[in-house]
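This is upload_36.cif (mmCIF, C-alpha atoms).
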```cif
data_final
loop_
_atom_site.label_atom_id
_atom_site.label_comp_id
_atom_site.auth_asym_id
_atom_site.auth_seq_id
_atom_site.Cartn_x
_atom_site.Cartn_y
_atom_site.Cartn_z
CA THR S 7 -50.74 30.16 21.35
CA MET S 8 -52.53 26.88 21.93
CA VAL S 9 -55.78 26.07 20.15
CA ILE S 10 -58.30 23.94 22.03
CA CYS S 11 -60.02 21.78 19.43
CA GLU S 12 -63.38 20.18 19.60
CA LYS S 13 -63.26 16.58 18.39
CA THR S 14 -65.97 17.43 15.87
CA LEU S 15 -64.00 20.26 14.25
CA GLU S 16 -63.52 19.11 10.64
CA GLN S 17 -62.18 22.12 8.80
CA VAL S 18 -60.01 25.11 9.60
CA VAL S 19 -59.22 27.92 7.18
CA ILE S 20 -55.88 29.51 7.94
CA PRO S 21 -55.87 33.07 6.59
CA ASP S 22 -53.01 34.49 4.50
CA SER S 23 -52.15 36.86 7.37
CA VAL S 24 -50.74 33.92 9.40
CA THR S 25 -46.97 33.49 9.12
CA SER S 26 -46.39 30.81 11.74
CA ILE S 27 -48.35 27.88 13.15
CA GLY S 28 -47.29 27.60 16.77
CA ASP S 29 -46.32 24.59 18.85
CA TYR S 30 -49.34 22.37 19.66
CA ALA S 31 -51.66 24.72 17.72
CA PHE S 32 -53.99 21.96 16.50
CA ASP S 33 -52.76 19.12 18.69
CA GLY S 34 -55.51 16.56 19.32
CA CYS S 35 -58.03 17.90 16.77
CA THR S 36 -59.21 14.37 15.98
CA GLY S 37 -62.10 15.49 13.75
CA LEU S 38 -59.91 17.62 11.48
CA THR S 39 -59.85 15.89 8.07
CA SER S 40 -57.83 18.23 5.86
CA ILE S 41 -55.68 21.29 6.20
CA THR S 42 -54.22 23.72 3.69
CA ILE S 43 -51.28 25.70 4.97
CA PRO S 44 -51.13 28.95 2.97
CA ASP S 45 -48.01 30.30 1.28
CA SER S 46 -47.78 33.02 3.95
CA VAL S 47 -46.75 30.45 6.61
CA THR S 48 -43.01 29.89 7.05
CA THR S 49 -42.97 27.73 10.19
CA ILE S 50 -45.01 24.76 11.37
CA GLY S 51 -44.32 24.38 15.10
CA ASN S 52 -43.53 21.35 17.21
CA SER S 53 -46.54 18.99 17.52
CA ALA S 54 -48.65 21.52 15.61
CA PHE S 55 -50.93 18.81 14.18
CA SER S 56 -49.99 15.93 16.46
CA SER S 57 -52.72 13.36 17.16
CA CYS S 58 -55.03 14.70 14.45
CA LYS S 59 -56.13 11.12 13.82
CA GLY S 60 -58.78 12.05 11.24
CA LEU S 61 -56.39 14.12 9.14
CA THR S 62 -56.13 12.55 5.68
CA SER S 63 -54.92 15.47 3.57
CA VAL S 64 -52.28 18.13 4.14
CA THR S 65 -51.21 20.78 1.66
CA ILE S 66 -48.02 22.54 2.74
CA GLY S 67 -47.55 26.04 1.35
CA ASN S 68 -44.55 26.98 -0.77
CA SER S 69 -43.03 29.30 1.85
CA VAL S 70 -42.74 26.82 4.73
CA THR S 71 -39.08 26.46 5.67
CA THR S 72 -39.43 24.58 8.96
CA ILE S 73 -41.55 21.61 9.98
CA GLY S 74 -41.14 21.15 13.73
CA GLU S 75 -40.55 18.06 15.82
CA CYS S 76 -43.58 15.75 15.96
CA ALA S 77 -45.48 18.22 13.75
CA PHE S 78 -47.67 15.52 12.19
CA SER S 79 -47.03 12.69 14.64
CA TYR S 80 -49.82 10.20 15.36
CA CYS S 81 -51.89 11.33 12.36
CA ASP S 82 -53.23 7.84 11.68
CA GLY S 83 -55.34 8.83 8.67
CA LEU S 84 -52.64 10.71 6.78
CA THR S 85 -51.77 8.80 3.59
CA SER S 86 -49.37 11.06 1.68
CA VAL S 87 -47.41 14.27 2.24
CA THR S 88 -45.63 16.47 -0.30
CA ILE S 89 -42.74 18.57 0.95
CA PRO S 90 -42.23 21.76 -1.11
CA ASP S 91 -38.82 22.99 -2.22
CA SER S 92 -38.84 25.71 0.48
CA VAL S 93 -38.52 23.28 3.43
CA THR S 94 -34.96 23.18 4.79
CA THR S 95 -35.60 21.81 8.29
CA ILE S 96 -37.72 18.83 9.33
CA GLY S 97 -37.65 18.10 13.06
CA ASP S 98 -37.20 14.67 14.62
CA SER S 99 -40.31 12.49 14.68
CA ALA S 100 -42.21 14.86 12.39
CA PHE S 101 -44.15 11.92 10.92
CA ILE S 102 -43.83 9.32 13.68
CA SER S 103 -46.73 6.85 14.10
CA CYS S 104 -48.53 7.87 10.92
CA ASN S 105 -49.54 4.28 10.24
CA SER S 106 -51.35 4.97 6.95
CA LEU S 107 -48.63 7.23 5.53
CA THR S 108 -47.38 5.45 2.41
CA GLY S 109 -45.15 8.21 1.09
CA ILE S 110 -43.38 11.45 1.89
CA TRP S 111 -42.77 13.07 -1.47
CA VAL S 112 -40.21 15.86 -1.83
CA ASP S 113 -40.13 18.45 -4.60
CA ALA S 114 -37.10 17.74 -6.82
CA GLU S 115 -35.86 21.32 -6.34
CA ASN S 116 -35.67 21.01 -2.54
CA PRO S 117 -32.07 21.82 -1.46
CA ALA S 118 -32.14 19.86 1.82
CA TYR S 119 -34.26 16.71 1.33
CA CYS S 120 -35.26 14.13 -1.24
CA SER S 121 -37.40 11.02 -1.39
CA ASP S 122 -36.96 7.77 -3.26
CA ALA S 123 -39.44 5.88 -5.44
CA TYR S 124 -41.03 4.42 -2.27
CA GLY S 125 -41.67 7.79 -0.61
CA VAL S 126 -38.89 7.29 1.94
CA LEU S 127 -37.41 10.57 3.18
CA TYR S 128 -33.65 11.27 3.03
CA ASN S 129 -31.39 14.30 3.31
CA LYS S 130 -30.44 15.67 -0.12
CA ASP S 131 -27.30 13.58 -0.69
CA LYS S 132 -28.99 10.44 0.69
CA SER S 133 -26.40 9.99 3.41
CA VAL S 134 -29.05 10.19 6.16
CA LEU S 135 -32.26 8.16 6.26
CA VAL S 136 -34.75 10.59 7.83
CA CYS S 137 -38.01 8.61 7.80
CA ILE S 138 -39.55 5.44 6.45
CA PRO S 139 -43.28 6.25 6.48
CA GLY S 140 -45.37 4.06 8.77
CA GLY S 141 -47.54 2.78 5.93
CA VAL S 142 -44.63 1.28 3.97
CA THR S 143 -45.12 -2.48 3.81
CA GLY S 144 -42.91 -5.50 3.29
CA ASN S 145 -39.14 -5.39 3.03
CA TYR S 146 -37.12 -2.25 2.36
CA THR S 147 -33.49 -2.04 1.25
CA VAL S 148 -31.64 1.09 2.32
CA PRO S 149 -29.38 2.14 -0.57
CA GLU S 150 -25.59 2.23 -0.57
CA GLY S 151 -24.28 5.62 0.51
CA VAL S 152 -26.51 5.96 3.56
CA VAL S 153 -24.26 6.57 6.56
CA ILE S 154 -26.79 7.38 9.31
CA VAL S 155 -30.27 6.20 10.22
CA GLY S 156 -31.74 9.26 11.93
CA GLU S 157 -33.50 9.42 15.27
CA ASP S 158 -36.98 7.86 15.16
CA ALA S 159 -36.51 7.16 11.43
CA ILE S 160 -38.21 3.76 11.52
CA CYS S 161 -39.82 3.54 14.96
CA ASN S 162 -43.46 2.59 15.39
CA SER S 163 -43.53 0.93 11.98
CA GLN S 164 -46.36 -1.59 12.09
CA LYS S 165 -46.19 -2.79 8.47
CA LEU S 166 -42.50 -2.99 7.62
CA THR S 167 -41.46 -6.65 7.86
CA GLY S 168 -37.78 -6.43 6.95
CA ILE S 169 -34.98 -3.96 6.36
CA THR S 170 -31.57 -4.41 4.76
CA PHE S 171 -28.80 -1.93 5.50
CA PRO S 172 -25.88 -1.02 3.23
CA SER S 173 -22.20 -1.56 3.98
CA THR S 174 -21.80 2.25 4.16
CA LEU S 175 -23.92 2.51 7.34
CA ASN S 176 -21.96 3.89 10.34
CA ALA S 177 -24.62 4.88 12.88
CA ILE S 178 -28.19 4.18 13.93
CA GLU S 179 -29.45 6.99 16.13
CA GLU S 180 -31.65 6.72 19.21
CA TYR S 181 -35.12 5.20 19.15
CA SER S 182 -34.85 4.07 15.53
CA PHE S 183 -36.55 0.71 16.04
CA ILE S 184 -38.84 1.26 19.05
CA ASN S 185 -42.25 -0.43 18.65
CA CYS S 186 -41.54 -1.98 15.25
CA SER S 187 -43.96 -4.84 15.71
#
```

Spit out the file's structure as structure tokens when you get a sec.
Amino acid sequence: TMVICEKTLEQVVIPDSVTSIGDYAFDGCTGLTSITIPDSVTTIGNSAFSSCKGLTSVTIGNSVTTIGECAFSYCDGLTSVTIPDSVTTIGDSAFISCNSLTGIWVDAENPAYCSDAYGVLYNKDKSVLVCIPGGVTGNYTVPEGVVIVGEDAICNSQKLTGITFPSTLNAIEEYSFINCS
């Protein structure tokens, strides 16, 4: 089900009876400033919060297992995200064009993902670079052991000025460096 948002909508309370946030549910709710996803929710759909440019704070409940493609894309105000240990799937471009996002922090007990000291998102064994947040500035060195740079992992980065890849790198997937001004 699609939710039509007024630009002035600032707050939404998602009740504990909700188990899934559908595709495009809050897409374009530019006035929305914060959202708390309750523990009852297991799935955040594709583009569920895309283009919520005013969104600065997201709390993801401890039962969410899936964050869909482009789920939080183009959320220019979002500064930090914490991924709970329950999340096992993060879709491509989930955090694309979040230009203020300085870190994606993953619970240490998460079986599928981890983050480094800079808030850069990797798969658990750090063989795949999933996402360098758009707010990361300066130069970044990808650690040895990374084999793949995932699709859209770095694209639309406006603040990253340099990147160094390890000798272990074998593949850079599609769209990784699009619009890296």

*Near Ser23 in chain S, counting all atoms listed in the file, which residues have an atom at most 12 Å away, once you skip same-chain residues fewer than 3 positions from it, shown as a list in words?*
Val19, Ile20, Ser26, Ile27, Ile43, Pro44, Asp45, Ser46, Val47 and Thr48 of chain S

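For the atom pair formed by CA of Ala100 in chain S and CA of Glu150 in chain S, the distance is 24.6 Å, given to one decimal.
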
Enumerate, in order of chain and increasing residue number, the residues of range 12-91 of chain S with an atom no farther than 12 Å from range 152-158 of chain S, each with its shortest atom pair and distance in Å to one decimal, counting only C-alpha atoms, as a tab-separated table.
```
residue	atom	partner	partner_atom	distance
S:Glu75	CA	S:Asp158	CA	10.8
S:Cys76	CA	S:Asp158	CA	10.3
S:Ser79	CA	S:Asp158	CA	11.2
```

*Determine the nearest neighbour of Thr143 in chain S from the options S:Leu127, S:Thr170, S:Cys120, S:Ser106, counting all atoms listed in the file.*
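Of S:Leu127, S:Thr170, S:Cys120, S:Ser106, the one nearest Thr143 in chain S, counting all atoms listed in the file, is S:Ser106.
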
*asked:* Report, in Å to a single decimal, how far apart CA of Asp91 in chain S and CA of Asp131 in chain S are.
replied: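 Straight-line distance from CA of Asp131 in chain S to CA of Asp91 in chain S works out to 15.0 Å.
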
*Which one of S:Trp111, S:Phe78, S:Phe55, S:Phe101 sits closest to Ser163 in chain S if you count only C-alpha atoms?*
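Looking at the shortest contact to Ser163 in chain S, the residue is S:Phe101.
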